[in-house]
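Shown here: input_12.pdb, PDB, C-alpha atoms and all ligand atoms.
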ATOM      1  CA  MET A  19      -3.173  12.098  -8.982  1.00  0.00           C
ATOM      2  CA  SER A  20      -2.896  14.889  -6.457  1.00  0.00           C
ATOM      3  CA  THR A  21      -0.895  17.881  -7.617  1.00  0.00           C
ATOM      4  CA  ALA A  22      -0.578  19.548  -4.213  1.00  0.00           C
ATOM      5  CA  PHE A  23       2.210  17.785  -2.340  1.00  0.00           C
ATOM      6  CA  LYS A  24       2.723  18.385   1.355  1.00  0.00           C
ATOM      7  CA  PRO A  25       6.269  18.699   2.696  1.00  0.00           C
ATOM      8  CA  VAL A  26       7.609  15.611   4.465  1.00  0.00           C
ATOM      9  CA  THR A  27      10.382  15.024   6.994  1.00  0.00           C
ATOM     10  CA  HIS A  28      10.875  11.239   6.745  1.00  0.00           C
ATOM     11  CA  VAL A  29      11.078   8.777   3.850  1.00  0.00           C
ATOM     12  CA  ILE A  30      10.221   5.055   3.736  1.00  0.00           C
ATOM     13  CA  PHE A  31      11.337   2.853   0.840  1.00  0.00           C
ATOM     14  CA  ASP A  32      10.047  -0.447  -0.424  1.00  0.00           C
ATOM     15  CA  MET A  33      12.951  -2.677  -1.460  1.00  0.00           C
ATOM     16  CA  ASP A  34      12.065  -5.282  -4.122  1.00  0.00           C
ATOM     17  CA  GLY A  35      11.531  -3.765  -7.546  1.00  0.00           C
ATOM     18  CA  LEU A  36      12.014  -0.276  -6.110  1.00  0.00           C
ATOM     19  CA  LEU A  37      15.572  -0.041  -4.758  1.00  0.00           C
ATOM     20  CA  LEU A  38      16.816  -3.410  -5.996  1.00  0.00           C
ATOM     21  CA  ASP A  39      16.091  -5.172  -9.267  1.00  0.00           C
ATOM     22  CA  THR A  40      14.829  -8.237  -7.386  1.00  0.00           C
ATOM     23  CA  GLU A  41      11.355  -8.456  -8.973  1.00  0.00           C
ATOM     24  CA  ARG A  42      12.930  -9.458 -12.267  1.00  0.00           C
ATOM     25  CA  LEU A  43      14.895 -12.154 -10.425  1.00  0.00           C
ATOM     26  CA  TYR A  44      11.790 -13.334  -8.535  1.00  0.00           C
ATOM     27  CA  THR A  45      10.037 -13.806 -11.879  1.00  0.00           C
ATOM     28  CA  VAL A  46      12.880 -15.879 -13.336  1.00  0.00           C
ATOM     29  CA  ALA A  47      13.226 -17.964 -10.162  1.00  0.00           C
ATOM     30  CA  THR A  48       9.472 -18.583  -9.900  1.00  0.00           C
ATOM     31  CA  GLN A  49       9.135 -19.628 -13.529  1.00  0.00           C
ATOM     32  CA  ASN A  50      12.037 -22.057 -13.076  1.00  0.00           C
ATOM     33  CA  VAL A  51      10.064 -23.753 -10.294  1.00  0.00           C
ATOM     34  CA  LEU A  52       6.757 -23.663 -12.209  1.00  0.00           C
ATOM     35  CA  ASP A  53       8.327 -25.221 -15.331  1.00  0.00           C
ATOM     36  CA  GLU A  54       8.353 -28.474 -13.384  1.00  0.00           C
ATOM     37  CA  TYR A  55       4.531 -28.316 -13.220  1.00  0.00           C
ATOM     38  CA  GLY A  56       3.910 -26.959 -16.732  1.00  0.00           C
ATOM     39  CA  LYS A  57       2.539 -23.694 -15.288  1.00  0.00           C
ATOM     40  CA  VAL A  58       3.092 -20.101 -16.365  1.00  0.00           C
ATOM     41  CA  PHE A  59       3.850 -17.283 -13.914  1.00  0.00           C
ATOM     42  CA  THR A  60       1.599 -14.588 -15.383  1.00  0.00           C
ATOM     43  CA  TRP A  61       1.715 -10.887 -14.567  1.00  0.00           C
ATOM     44  CA  GLU A  62      -1.811 -11.237 -13.178  1.00  0.00           C
ATOM     45  CA  ILE A  63      -0.590 -13.613 -10.475  1.00  0.00           C
ATOM     46  CA  LYS A  64       2.662 -11.766  -9.887  1.00  0.00           C
ATOM     47  CA  SER A  65       0.930  -8.433  -9.386  1.00  0.00           C
ATOM     48  CA  LYS A  66      -1.298  -9.976  -6.707  1.00  0.00           C
ATOM     49  CA  GLN A  67       1.731 -11.399  -4.902  1.00  0.00           C
ATOM     50  CA  MET A  68       4.072  -8.419  -4.935  1.00  0.00           C
ATOM     51  CA  GLY A  69       4.707  -6.888  -1.522  1.00  0.00           C
ATOM     52  CA  ARG A  70       2.948  -9.623   0.426  1.00  0.00           C
ATOM     53  CA  LYS A  71       4.451 -11.701   3.217  1.00  0.00           C
ATOM     54  CA  GLN A  72       6.216 -14.828   1.985  1.00  0.00           C
ATOM     55  CA  ASN A  73       3.658 -17.382   3.195  1.00  0.00           C
ATOM     56  CA  GLU A  74       0.646 -15.378   1.963  1.00  0.00           C
ATOM     57  CA  SER A  75       2.342 -15.012  -1.394  1.00  0.00           C
ATOM     58  CA  ALA A  76       3.086 -18.755  -1.644  1.00  0.00           C
ATOM     59  CA  GLN A  77      -0.485 -19.705  -0.692  1.00  0.00           C
ATOM     60  CA  LEU A  78      -1.841 -17.322  -3.316  1.00  0.00           C
ATOM     61  CA  MET A  79       0.267 -18.972  -6.020  1.00  0.00           C
ATOM     62  CA  ILE A  80      -0.706 -22.494  -4.919  1.00  0.00           C
ATOM     63  CA  ASP A  81      -4.391 -21.533  -5.080  1.00  0.00           C
ATOM     64  CA  GLU A  82      -4.225 -19.645  -8.363  1.00  0.00           C
ATOM     65  CA  LEU A  83      -2.215 -22.331 -10.195  1.00  0.00           C
ATOM     66  CA  GLN A  84      -3.534 -25.346  -8.259  1.00  0.00           C
ATOM     67  CA  LEU A  85      -0.026 -26.529  -7.471  1.00  0.00           C
ATOM     68  CA  PRO A  86       0.316 -29.923  -5.742  1.00  0.00           C
ATOM     69  CA  LEU A  87       2.539 -28.384  -3.053  1.00  0.00           C
ATOM     70  CA  THR A  88       2.263 -27.117   0.504  1.00  0.00           C
ATOM     71  CA  VAL A  89       3.387 -23.584   1.376  1.00  0.00           C
ATOM     72  CA  SER A  90       6.584 -24.890   2.943  1.00  0.00           C
ATOM     73  CA  GLU A  91       7.337 -27.158  -0.040  1.00  0.00           C
ATOM     74  CA  LEU A  92       6.885 -24.284  -2.465  1.00  0.00           C
ATOM     75  CA  ASN A  93       8.968 -21.943  -0.298  1.00  0.00           C
ATOM     76  CA  GLN A  94      11.738 -24.527  -0.187  1.00  0.00           C
ATOM     77  CA  LYS A  95      11.808 -24.884  -3.983  1.00  0.00           C
ATOM     78  CA  LEU A  96      11.743 -21.116  -4.493  1.00  0.00           C
ATOM     79  CA  GLY A  97      14.401 -20.682  -1.827  1.00  0.00           C
ATOM     80  CA  LYS A  98      16.874 -22.828  -3.751  1.00  0.00           C
ATOM     81  CA  GLU A  99      16.399 -20.603  -6.811  1.00  0.00           C
ATOM     82  CA  HIS A 100      16.622 -17.389  -4.773  1.00  0.00           C
ATOM     83  CA  GLU A 101      19.925 -18.445  -3.221  1.00  0.00           C
ATOM     84  CA  LYS A 102      21.409 -18.643  -6.712  1.00  0.00           C
ATOM     85  CA  VAL A 103      20.248 -15.263  -8.013  1.00  0.00           C
ATOM     86  CA  PHE A 104      19.672 -12.801  -5.146  1.00  0.00           C
ATOM     87  CA  PRO A 105      23.346 -12.221  -4.245  1.00  0.00           C
ATOM     88  CA  THR A 106      23.904 -10.885  -7.790  1.00  0.00           C
ATOM     89  CA  VAL A 107      21.180  -8.223  -7.647  1.00  0.00           C
ATOM     90  CA  ASP A 108      21.896  -4.611  -8.520  1.00  0.00           C
ATOM     91  CA  PHE A 109      20.233  -1.247  -7.864  1.00  0.00           C
ATOM     92  CA  LEU A 110      17.440   0.104 -10.018  1.00  0.00           C
ATOM     93  CA  PRO A 111      18.166   3.406 -11.796  1.00  0.00           C
ATOM     94  CA  GLY A 112      18.121   6.411  -9.472  1.00  0.00           C
ATOM     95  CA  ALA A 113      17.841   4.418  -6.228  1.00  0.00           C
ATOM     96  CA  GLU A 114      21.404   4.776  -5.055  1.00  0.00           C
ATOM     97  CA  ARG A 115      21.582   8.483  -5.844  1.00  0.00           C
ATOM     98  CA  LEU A 116      18.326   9.276  -4.009  1.00  0.00           C
ATOM     99  CA  VAL A 117      19.106   7.285  -0.866  1.00  0.00           C
ATOM    100  CA  ARG A 118      22.647   8.654  -0.578  1.00  0.00           C
ATOM    101  CA  HIS A 119      21.343  12.182  -1.165  1.00  0.00           C
ATOM    102  CA  LEU A 120      18.717  11.964   1.575  1.00  0.00           C
ATOM    103  CA  HIS A 121      21.205  10.408   3.968  1.00  0.00           C
ATOM    104  CA  LYS A 122      23.760  13.142   3.249  1.00  0.00           C
ATOM    105  CA  HIS A 123      21.137  15.733   4.145  1.00  0.00           C
ATOM    106  CA  ASN A 124      20.206  13.937   7.382  1.00  0.00           C
ATOM    107  CA  ILE A 125      16.696  13.025   6.247  1.00  0.00           C
ATOM    108  CA  PRO A 126      15.706   9.948   8.269  1.00  0.00           C
ATOM    109  CA  ILE A 127      15.105   6.997   5.930  1.00  0.00           C
ATOM    110  CA  ALA A 128      13.841   3.437   6.474  1.00  0.00           C
ATOM    111  CA  VAL A 129      12.944   0.343   4.450  1.00  0.00           C
ATOM    112  CA  ALA A 130       9.593  -1.466   4.744  1.00  0.00           C
ATOM    113  CA  THR A 131       9.632  -4.717   2.772  1.00  0.00           C
ATOM    114  CA  GLY A 132       7.591  -7.910   2.595  1.00  0.00           C
ATOM    115  CA  SER A 133      10.855  -9.869   2.508  1.00  0.00           C
ATOM    116  CA  THR A 134      12.065 -12.401   5.041  1.00  0.00           C
ATOM    117  CA  GLY A 135      15.265 -11.729   6.956  1.00  0.00           C
ATOM    118  CA  TYR A 136      16.932 -14.648   5.174  1.00  0.00           C
ATOM    119  CA  ASN A 137      16.169 -13.294   1.704  1.00  0.00           C
ATOM    120  CA  TYR A 138      17.091  -9.781   2.813  1.00  0.00           C
ATOM    121  CA  GLU A 139      20.592 -10.987   3.724  1.00  0.00           C
ATOM    122  CA  LEU A 140      20.957 -12.659   0.303  1.00  0.00           C
ATOM    123  CA  LYS A 141      19.860  -9.505  -1.511  1.00  0.00           C
ATOM    124  CA  VAL A 142      22.162  -7.133   0.389  1.00  0.00           C
ATOM    125  CA  THR A 143      25.223  -9.389   0.031  1.00  0.00           C
ATOM    126  CA  ASN A 144      27.013  -6.818  -2.145  1.00  0.00           C
ATOM    127  CA  HIS A 145      25.259  -3.713  -0.772  1.00  0.00           C
ATOM    128  CA  LYS A 146      25.902  -3.766   2.982  1.00  0.00           C
ATOM    129  CA  GLN A 147      27.272  -0.226   3.211  1.00  0.00           C
ATOM    130  CA  PHE A 148      24.268   1.147   1.296  1.00  0.00           C
ATOM    131  CA  PHE A 149      21.720  -0.545   3.544  1.00  0.00           C
ATOM    132  CA  SER A 150      23.586   0.678   6.643  1.00  0.00           C
ATOM    133  CA  LEU A 151      22.436   4.198   5.686  1.00  0.00           C
ATOM    134  CA  PHE A 152      18.853   3.392   6.734  1.00  0.00           C
ATOM    135  CA  SER A 153      17.771   4.057  10.275  1.00  0.00           C
ATOM    136  CA  HIS A 154      15.921   0.705  10.316  1.00  0.00           C
ATOM    137  CA  ILE A 155      14.632  -2.083   8.072  1.00  0.00           C
ATOM    138  CA  VAL A 156      11.152  -3.560   8.642  1.00  0.00           C
ATOM    139  CA  LEU A 157      11.060  -7.160   7.356  1.00  0.00           C
ATOM    140  CA  SER A 158       7.332  -7.895   7.254  1.00  0.00           C
ATOM    141  CA  SER A 159       7.591 -11.674   6.834  1.00  0.00           C
ATOM    142  CA  ASP A 160       9.584 -12.069  10.060  1.00  0.00           C
ATOM    143  CA  ASP A 161       8.578  -9.054  12.154  1.00  0.00           C
ATOM    144  CA  PRO A 162       6.212 -10.045  14.982  1.00  0.00           C
ATOM    145  CA  GLU A 163       4.733  -6.519  15.070  1.00  0.00           C
ATOM    146  CA  VAL A 164       3.668  -6.738  11.406  1.00  0.00           C
ATOM    147  CA  LYS A 165       0.424  -8.694  11.758  1.00  0.00           C
ATOM    148  CA  ASN A 166      -0.633  -8.348   8.127  1.00  0.00           C
ATOM    149  CA  GLY A 167       1.528  -7.867   5.050  1.00  0.00           C
ATOM    150  CA  LYS A 168       0.923  -5.306   2.301  1.00  0.00           C
ATOM    151  CA  PRO A 169      -1.738  -4.284   1.179  1.00  0.00           C
ATOM    152  CA  ALA A 170      -2.406  -3.842   4.931  1.00  0.00           C
ATOM    153  CA  PRO A 171      -0.738  -0.670   6.289  1.00  0.00           C
ATOM    154  CA  ASP A 172       1.056  -2.409   9.213  1.00  0.00           C
ATOM    155  CA  CYS A 173       4.651  -2.306   7.960  1.00  0.00           C
ATOM    156  CA  PHE A 174       4.501   1.403   7.114  1.00  0.00           C
ATOM    157  CA  ILE A 175       2.874   2.340  10.422  1.00  0.00           C
ATOM    158  CA  ILE A 176       5.568   0.380  12.260  1.00  0.00           C
ATOM    159  CA  ALA A 177       8.359   1.849  10.122  1.00  0.00           C
ATOM    160  CA  ALA A 178       7.162   5.373  11.028  1.00  0.00           C
ATOM    161  CA  LYS A 179       6.808   4.522  14.710  1.00  0.00           C
ATOM    162  CA  ARG A 180      10.404   3.265  14.858  1.00  0.00           C
ATOM    163  CA  PHE A 181      11.899   6.547  13.697  1.00  0.00           C
ATOM    164  CA  SER A 182      13.219   8.686  16.523  1.00  0.00           C
ATOM    165  CA  GLY A 183      10.314  10.974  17.488  1.00  0.00           C
ATOM    166  CA  SER A 184       7.720   8.719  15.750  1.00  0.00           C
ATOM    167  CA  PRO A 185       6.659  11.189  13.017  1.00  0.00           C
ATOM    168  CA  ALA A 186       2.991  11.497  12.025  1.00  0.00           C
ATOM    169  CA  PRO A 187       2.016   9.544   8.874  1.00  0.00           C
ATOM    170  CA  GLU A 188       1.527  12.728   6.847  1.00  0.00           C
ATOM    171  CA  LYS A 189       5.192  13.620   7.482  1.00  0.00           C
ATOM    172  CA  CYS A 190       6.318  10.361   5.831  1.00  0.00           C
ATOM    173  CA  LEU A 191       6.783   9.843   2.099  1.00  0.00           C
ATOM    174  CA  VAL A 192       6.688   6.280   0.753  1.00  0.00           C
ATOM    175  CA  PHE A 193       8.269   4.958  -2.448  1.00  0.00           C
ATOM    176  CA  GLU A 194       6.637   1.827  -3.860  1.00  0.00           C
ATOM    177  CA  ASP A 195       6.559  -0.203  -7.063  1.00  0.00           C
ATOM    178  CA  ALA A 196       3.752  -2.654  -6.152  1.00  0.00           C
ATOM    179  CA  ALA A 197       0.047  -1.880  -6.189  1.00  0.00           C
ATOM    180  CA  ASN A 198      -0.238  -3.745  -2.879  1.00  0.00           C
ATOM    181  CA  GLY A 199       2.386  -1.417  -1.407  1.00  0.00           C
ATOM    182  CA  LEU A 200       0.719   1.669  -2.806  1.00  0.00           C
ATOM    183  CA  ILE A 201      -2.586   0.647  -1.207  1.00  0.00           C
ATOM    184  CA  ALA A 202      -0.779  -0.117   2.073  1.00  0.00           C
ATOM    185  CA  ALA A 203       0.988   3.257   2.254  1.00  0.00           C
ATOM    186  CA  HIS A 204      -2.187   5.115   1.346  1.00  0.00           C
ATOM    187  CA  ALA A 205      -4.061   3.229   4.079  1.00  0.00           C
ATOM    188  CA  ALA A 206      -1.301   4.289   6.516  1.00  0.00           C
ATOM    189  CA  GLY A 207      -2.116   7.927   5.709  1.00  0.00           C
ATOM    190  CA  MET A 208       1.166   8.624   3.936  1.00  0.00           C
ATOM    191  CA  GLN A 209       1.957  10.278   0.620  1.00  0.00           C
ATOM    192  CA  VAL A 210       3.139   7.791  -1.978  1.00  0.00           C
ATOM    193  CA  VAL A 211       5.376   8.033  -5.017  1.00  0.00           C
ATOM    194  CA  TRP A 212       4.524   5.049  -7.215  1.00  0.00           C
ATOM    195  CA  VAL A 213       7.108   3.666  -9.643  1.00  0.00           C
ATOM    196  CA  PRO A 214       5.075   0.847 -11.205  1.00  0.00           C
ATOM    197  CA  ASP A 215       6.152  -1.981 -13.440  1.00  0.00           C
ATOM    198  CA  PRO A 216       5.325  -0.976 -17.044  1.00  0.00           C
ATOM    199  CA  ARG A 217       2.790  -3.863 -17.124  1.00  0.00           C
ATOM    200  CA  ALA A 218       0.777  -2.471 -14.193  1.00  0.00           C
ATOM    201  CA  ASP A 219      -2.718  -1.138 -14.829  1.00  0.00           C
ATOM    202  CA  GLN A 220      -2.461   2.393 -13.438  1.00  0.00           C
ATOM    203  CA  THR A 221      -6.094   3.357 -13.961  1.00  0.00           C
ATOM    204  CA  PRO A 222      -7.488   2.136 -10.604  1.00  0.00           C
ATOM    205  CA  PHE A 223      -4.725   3.926  -8.694  1.00  0.00           C
ATOM    206  CA  LYS A 224      -4.648   7.394 -10.261  1.00  0.00           C
ATOM    207  CA  ASP A 225      -6.097   8.931  -7.103  1.00  0.00           C
ATOM    208  CA  THR A 226      -4.134   6.777  -4.654  1.00  0.00           C
ATOM    209  CA  ALA A 227      -0.649   7.691  -5.842  1.00  0.00           C
ATOM    210  CA  HIS A 228       0.516  11.262  -5.230  1.00  0.00           C
ATOM    211  CA  GLN A 229       3.043  10.947  -8.006  1.00  0.00           C
ATOM    212  CA  ILE A 230       3.569   8.255 -10.659  1.00  0.00           C
ATOM    213  CA  LEU A 231       7.084   7.942 -12.118  1.00  0.00           C
ATOM    214  CA  THR A 232       8.607   5.579 -14.650  1.00  0.00           C
ATOM    215  CA  SER A 233      11.917   5.632 -12.766  1.00  0.00           C
ATOM    216  CA  LEU A 234      13.317   6.985  -9.489  1.00  0.00           C
ATOM    217  CA  GLU A 235      15.640   9.048 -11.688  1.00  0.00           C
ATOM    218  CA  GLU A 236      12.708  11.386 -12.407  1.00  0.00           C
ATOM    219  CA  PHE A 237      12.054  12.194  -8.732  1.00  0.00           C
ATOM    220  CA  LYS A 238      12.528  15.791  -7.626  1.00  0.00           C
ATOM    221  CA  PRO A 239      13.053  15.890  -3.840  1.00  0.00           C
ATOM    222  CA  GLU A 240      11.957  19.540  -3.657  1.00  0.00           C
ATOM    223  CA  ASP A 241       8.414  18.525  -4.751  1.00  0.00           C
ATOM    224  CA  PHE A 242       7.933  17.184  -1.230  1.00  0.00           C
ATOM    225  CA  GLY A 243       9.958  19.816   0.618  1.00  0.00           C
ATOM    226  CA  LEU A 244      13.154  17.739   0.669  1.00  0.00           C
ATOM    227  CA  PRO A 245      16.596  19.186  -0.202  1.00  0.00           C
ATOM    228  CA  PRO A 246      17.070  19.360  -3.983  1.00  0.00           C
ATOM    229  CA  TYR A 247      19.908  17.576  -5.781  1.00  0.00           C
ATOM    230  CA  ASP A 248      23.034  19.692  -6.236  1.00  0.00           C
ATOM    231  CA  SER A 249      23.003  19.338  -9.999  1.00  0.00           C
TER     232      SER A 249
HETATM  233 MG    MG A 301       8.289  -3.808  -4.320  1.00  0.00          MG
END

Go ahead and express the file in the form of structure tokens.
Ligand SMILES: [Mg+2]
Amino acid sequence: MSTAFKPVTHVIFDMDGLLLDTERLYTVATQNVLDEYGKVFTWEIKSKQMGRKQNESAQLMIDELQLPLTVSELNQKLGKEHEKVFPTVDFLPGAERLVRHLHKHNIPIAVATGSTGYNYELKVTNHKQFFSLFSHIVLSSDDPEVKNGKPAPDCFIIAAKRFSGSPAPEKCLVFEDAANGLIAAHAAGMQVVWVPDPRADQTPFKDTAHQILTSLEEFKPEDFGLPPYDS
């Protein structure tokens, strides 16, 4: 982990498992589908999927678990589960405070997620005002400019480019929970605060993450030259 942080001017957030508690819901929904096939959704498979585009993620699961399904069949089954649970999702600790704080201080903020537009709308059902605070939302699964999903850097490069003034990568700070997202942001040349799932193996990524936190509540904006919290 680097201890010398450079000041940033712009901030890019992942969404699932970082701002919103959707990763927990994805796990429940996926296991519900896999029960039908007597398969177990292990952390090993989940950690490979997190952050990826929807179709890449589905193909990975079909291959790993040898499911007798096509990508579109699997997506359809998962979709039915997602429709039930996503509209109920809540914020993860510290997310709302940090985003509202940065917005209040006119720090440009964006979201870069692997999600589809359809799932995004389900997830933000009860959080429309909050997500209106972002300057833009990059939805990797549906965005024609995002050729490759995380761990490729595309979505972060595009998120930076779409800010007014297109800041340089080193002026952007990324918040991620997934290893795939951490790798993607690092490849984009950005500083990354990693808030991993407690099950994640942190060892291979000690030098990739600039800061590793157990919760967004621990983040100190002044570490990266951003306005500190009032109290
Ligand atoms: Mg995530």

Go through A:Leu78, A:Val46, A:Val142, A:Ala197 one by one, measure the shortest atom-to-atom distance of each to ligand MG 301 (chain A) using only C-alpha atoms and all ligand atoms, and give the residue with the smallest value.
A:Ala197

So which residues get picked by the PyMOL selection byres (((chain A and resi 96) around 9) and not hetatm) here, written as a PyMOL selection string?
chain A and resi 44+47-48+50-51+91-95+97-101

Residues within 6 Å of ligand MG 301 (chain A) should be enumerated using all atoms listed in the file and returned as a PyMOL selection string.
chain A and resi 32-36+69+194-196

What would the list of residues within 6 Å of (3.7, 1.5, 4.2) (file frame) look like as a list in words, if only C-alpha atoms are what count?
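The residues that fall inside the cut-off are Pro171, Cys173, Phe174, Ala202 and Ala203 of chain A.
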
Please put the answer as JSON: centre and edge lengths, in Å with one decimal, of a box along x, y and z that encloses all listed atoms of range 185-198 of chain A plus 5 Å on each side.
{"center_x": 4.0, "center_y": 4.9, "center_z": 3.0, "size_x": 18.5, "size_y": 27.4, "size_z": 30.1}

Give me the residues near Lys189 in chain A as a list in words, where near means some atom within 7 Å (using all atoms listed in the file) and where sequence neighbours in that chain fewer than 2 positions away do not count.
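Here the answer would be Val26, Thr27, His28, Pro185, Ala186, Pro187 and Leu191 of chain A.
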
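From CA of Phe104 in chain A back to CA of Thr40 in chain A, the distance works out to 7.0 Å.
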
Go through A:Ile230, A:Phe31, A:Glu41, A:Met79 and flag the residue nearest Ala178 in chain A, using all atoms listed in the file for the distances.
A:Phe31

With all atoms listed in the file as the atoms that count, which of A:Tyr136, A:Asn73, A:Ser153, A:Gln84 lies nearest to His121 in chain A?
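Between A:Tyr136, A:Asn73, A:Ser153, A:Gln84, the residue approaching His121 in chain A most closely is A:Ser153.
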
d(CA of Thr88 in chain A, CA of Glu74 in chain A) in Å
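That distance, rounded to one decimal, is 11.9 Å.
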
Apply the PyMOL selection byres (((chain A and resi 200) around 9) and not hetatm) to the structure shown and report the selected residues as a ChimeraX atom specification.
/A:168-169,192-199,201-205,210-212,223,226-227

Which residue out of A:Phe237, A:Ile155, A:Met68, A:Phe59 has the minimum interatomic distance to Ile80 in chain A when all atoms listed in the file are used?
A:Phe59

Nearest to Gly132 in chain A by atom-to-atom distance, counting only C-alpha atoms, from A:Ser158, A:Thr45, A:Ser182, A:Asn144:
A:Ser158

Residue by residue, what does the PyMOL selection byres (((chain A and resi 159) around 12) and not hetatm) grab here? Present the result as a PDB file with C-alpha atoms, in the frame of the given file.
ATOM      1  CA  GLY A  69       4.707  -6.888  -1.522  1.00  0.00           C
ATOM      2  CA  ARG A  70       2.948  -9.623   0.426  1.00  0.00           C
ATOM      3  CA  LYS A  71       4.451 -11.701   3.217  1.00  0.00           C
ATOM      4  CA  GLN A  72       6.216 -14.828   1.985  1.00  0.00           C
ATOM      5  CA  ASN A  73       3.658 -17.382   3.195  1.00  0.00           C
ATOM      6  CA  GLU A  74       0.646 -15.378   1.963  1.00  0.00           C
ATOM      7  CA  SER A  75       2.342 -15.012  -1.394  1.00  0.00           C
ATOM      8  CA  ALA A  76       3.086 -18.755  -1.644  1.00  0.00           C
ATOM      9  CA  ALA A 130       9.593  -1.466   4.744  1.00  0.00           C
ATOM     10  CA  THR A 131       9.632  -4.717   2.772  1.00  0.00           C
ATOM     11  CA  GLY A 132       7.591  -7.910   2.595  1.00  0.00           C
ATOM     12  CA  SER A 133      10.855  -9.869   2.508  1.00  0.00           C
ATOM     13  CA  THR A 134      12.065 -12.401   5.041  1.00  0.00           C
ATOM     14  CA  GLY A 135      15.265 -11.729   6.956  1.00  0.00           C
ATOM     15  CA  TYR A 136      16.932 -14.648   5.174  1.00  0.00           C
ATOM     16  CA  ASN A 137      16.169 -13.294   1.704  1.00  0.00           C
ATOM     17  CA  TYR A 138      17.091  -9.781   2.813  1.00  0.00           C
ATOM     18  CA  ILE A 155      14.632  -2.083   8.072  1.00  0.00           C
ATOM     19  CA  VAL A 156      11.152  -3.560   8.642  1.00  0.00           C
ATOM     20  CA  LEU A 157      11.060  -7.160   7.356  1.00  0.00           C
ATOM     21  CA  SER A 158       7.332  -7.895   7.254  1.00  0.00           C
ATOM     22  CA  ASP A 160       9.584 -12.069  10.060  1.00  0.00           C
ATOM     23  CA  ASP A 161       8.578  -9.054  12.154  1.00  0.00           C
ATOM     24  CA  PRO A 162       6.212 -10.045  14.982  1.00  0.00           C
ATOM     25  CA  GLU A 163       4.733  -6.519  15.070  1.00  0.00           C
ATOM     26  CA  VAL A 164       3.668  -6.738  11.406  1.00  0.00           C
ATOM     27  CA  LYS A 165       0.424  -8.694  11.758  1.00  0.00           C
ATOM     28  CA  ASN A 166      -0.633  -8.348   8.127  1.00  0.00           C
ATOM     29  CA  GLY A 167       1.528  -7.867   5.050  1.00  0.00           C
ATOM     30  CA  LYS A 168       0.923  -5.306   2.301  1.00  0.00           C
ATOM     31  CA  ASP A 172       1.056  -2.409   9.213  1.00  0.00           C
ATOM     32  CA  CYS A 173       4.651  -2.306   7.960  1.00  0.00           C
TER      33      CYS A 173
END

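Nearest to Asp39 in chain A of all the residues A:Pro105, A:Gly56, A:Pro86, A:Pro126 is A:Pro105, counting all atoms listed in the file.
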